>>> print(open('structure.cif').read())   # mmCIF, C-alpha atoms
data_my_file
loop_
_atom_site.group_PDB
_atom_site.id
_atom_site.type_symbol
_atom_site.label_atom_id
_atom_site.label_comp_id
_atom_site.auth_asym_id
_atom_site.auth_seq_id
_atom_site.Cartn_x
_atom_site.Cartn_y
_atom_site.Cartn_z
ATOM 1 C CA MET H 759 21.862 10.221 19.837
ATOM 2 C CA SER H 760 18.954 8.252 21.242
ATOM 3 C CA LYS H 761 15.807 9.998 22.486
ATOM 4 C CA THR H 762 13.437 9.112 25.300
ATOM 5 C CA LEU H 763 9.751 8.873 24.506
ATOM 6 C CA THR H 764 6.851 8.510 26.917
ATOM 7 C CA LEU H 765 4.143 6.192 25.645
ATOM 8 C CA ARG H 766 0.768 5.548 27.260
ATOM 9 C CA LEU H 767 -0.629 2.042 26.691
ATOM 10 C CA ASP H 768 -3.791 0.349 27.895
ATOM 11 C CA ASP H 769 -3.081 -2.450 30.353
ATOM 12 C CA ASP H 770 -4.109 -5.127 27.843
ATOM 13 C CA VAL H 771 -1.809 -3.737 25.163
ATOM 14 C CA TYR H 772 1.063 -3.400 27.621
ATOM 15 C CA GLN H 773 0.650 -7.007 28.769
ATOM 16 C CA LEU H 774 0.596 -8.193 25.158
ATOM 17 C CA PHE H 775 3.757 -6.260 24.287
ATOM 18 C CA ARG H 776 5.493 -7.354 27.484
ATOM 19 C CA GLY H 777 4.632 -10.993 26.841
ATOM 20 C CA VAL H 778 6.053 -10.912 23.322
ATOM 21 C CA ALA H 779 9.185 -9.074 24.471
ATOM 22 C CA GLU H 780 9.759 -11.627 27.247
ATOM 23 C CA ARG H 781 9.335 -14.560 24.851
ATOM 24 C CA GLU H 782 11.909 -12.961 22.562
ATOM 25 C CA ASN H 783 14.156 -12.247 25.579
ATOM 26 C CA ARG H 784 14.470 -8.518 25.024
ATOM 27 C CA PRO H 785 13.327 -5.292 26.660
ATOM 28 C CA ILE H 786 9.826 -4.069 25.845
ATOM 29 C CA SER H 787 11.291 -0.801 24.499
ATOM 30 C CA ASN H 788 13.364 -2.780 21.982
ATOM 31 C CA PHE H 789 10.333 -4.801 20.957
ATOM 32 C CA ILE H 790 8.245 -1.657 20.369
ATOM 33 C CA GLU H 791 11.069 0.090 18.490
ATOM 34 C CA THR H 792 11.645 -2.922 16.243
ATOM 35 C CA ALA H 793 7.926 -3.453 15.577
ATOM 36 C CA VAL H 794 7.320 0.189 14.678
ATOM 37 C CA LEU H 795 10.424 0.341 12.496
ATOM 38 C CA GLN H 796 9.291 -2.772 10.598
ATOM 39 C CA PHE H 797 5.806 -1.268 10.188
ATOM 40 C CA VAL H 798 7.219 1.930 8.688
ATOM 41 C CA GLN H 799 9.664 0.106 6.406
ATOM 42 C CA ASP H 800 6.891 -2.140 5.093
ATOM 43 C CA ARG H 801 4.886 0.905 4.075
ATOM 44 C CA GLU H 802 7.722 3.073 2.770
ATOM 45 C CA THR H 803 9.175 0.540 0.341
ATOM 46 C CA VAL H 804 7.719 -1.678 -2.339
ATOM 47 C CA ASP H 805 8.346 -5.381 -2.591
ATOM 48 C CA GLU H 806 9.605 -7.107 -5.722
ATOM 49 C CA PHE H 807 6.086 -7.876 -6.967
ATOM 50 C CA GLU H 808 4.923 -4.260 -6.635
ATOM 51 C CA MET H 809 8.106 -3.076 -8.350
ATOM 52 C CA ALA H 810 7.531 -5.476 -11.256
ATOM 53 C CA GLU H 811 3.998 -4.128 -11.601
ATOM 54 C CA ILE H 812 5.271 -0.537 -11.596
ATOM 55 C CA ARG H 813 7.968 -1.291 -14.164
ATOM 56 C CA GLY H 814 5.456 -3.079 -16.388
ATOM 57 C CA ASN H 815 2.964 -0.206 -16.398
ATOM 58 C CA ILE H 816 3.925 1.728 -19.544
ATOM 59 C CA GLY H 817 1.423 4.545 -19.019
ATOM 60 C CA LEU H 818 2.560 5.114 -15.454
ATOM 61 C CA ASN H 819 6.222 5.176 -16.467
ATOM 62 C CA GLN H 820 5.562 7.661 -19.258
ATOM 63 C CA SER H 821 3.677 9.885 -16.819
ATOM 64 C CA LEU H 822 6.494 9.664 -14.269
ATOM 65 C CA LYS H 823 9.070 10.577 -16.919
ATOM 66 C CA ARG H 824 7.020 13.590 -18.032
ATOM 67 C CA GLY H 825 6.635 14.673 -14.411
ATOM 68 C CA HIS H 826 10.371 14.300 -13.845
ATOM 69 C CA GLN H 827 11.151 16.384 -16.943
ATOM 70 C CA ASP H 828 8.660 19.054 -15.855
ATOM 71 C CA ALA H 829 10.241 19.176 -12.391
ATOM 72 C CA ARG H 830 13.740 19.515 -13.829
ATOM 73 C CA GLN H 831 12.543 22.379 -16.018
ATOM 74 C CA ARG H 832 10.643 23.889 -13.072
ATOM 75 C CA ARG H 833 7.303 23.693 -14.881
ATOM 76 C CA GLY H 834 4.029 23.215 -13.103
ATOM 77 C CA ALA H 835 3.116 23.290 -9.449
ATOM 78 C CA PHE H 836 4.013 20.805 -6.770
ATOM 79 C CA VAL H 837 1.078 19.735 -4.673
#
>>> encode(input="structure.cif", output="structure tokens")
Amino acid sequence: MSKTLTLRLDDDVYQLFRGVAERENRPISNFIETAVLQFVQDRETVDEFEMAEIRGNIGLNQSLKRGHQDARQRRGAFV
């Protein structure tokens, strides 16, 4: 179910958003929703290069495995 949200924007920001939305032939609400969703997704996931770096970091992977084992055995404290 969709929700309604009230958003206060400065005039300059509103005009910028409206201009982009018009150029893309869509409502300003759709533009804002899409832009925010993309922003969140970019920060919540890692790209292929970051993932390769994570996989290649032996010390980090060992630490993650120990942490996972500790969590499964309910050892330690979660912060």
>>> residues_around(input="structure.cif", residues="Phe789 of chain H", least_positions_apart="4", cutoff="8 Å", atoms="only C-alpha atoms", output="list in words")
Phe775, Val778, Ala779, Arg784, Pro785 and Ala793 of chain H
>>> atom_distance(input="structure.cif", atom1="atom CA of Met759 of chain H", atom2="atom CA of Phe797 of chain H")
22.0 Å
>>> axis_aligned_box(input="structure.cif", around="segment 808-826 of chain H", padding_each_side="4 Å", output="AutoDock Vina command-line options")
--center_x 5.9 --center_y 4.6 --center_z -13.1 --size_x 16.9 --size_y 28.1 --size_z 20.9
>>> atom_distance(input="structure.cif", atom1="atom CA of Thr764 of chain H", atom2="atom CA of Ser787 of chain H")
10.6 Å
>>> closest_residue(input="structure.cif", among="H:Gln827, H:Ile786, H:Glu808, H:Phe836", to="Val771 of chain H", atoms="all atoms listed in the file")
H:Ile786
>>> atom_distance(input="structure.cif", atom1="atom CA of Ile816 of chain H", atom2="atom CA of Asp800 of chain H")
25.1 Å
>>> closest_residue(input="structure.cif", among="H:Leu763, H:Val837, H:Glu802, H:Ala810", to="Ile790 of chain H", atoms="all atoms listed in the file")
H:Leu763
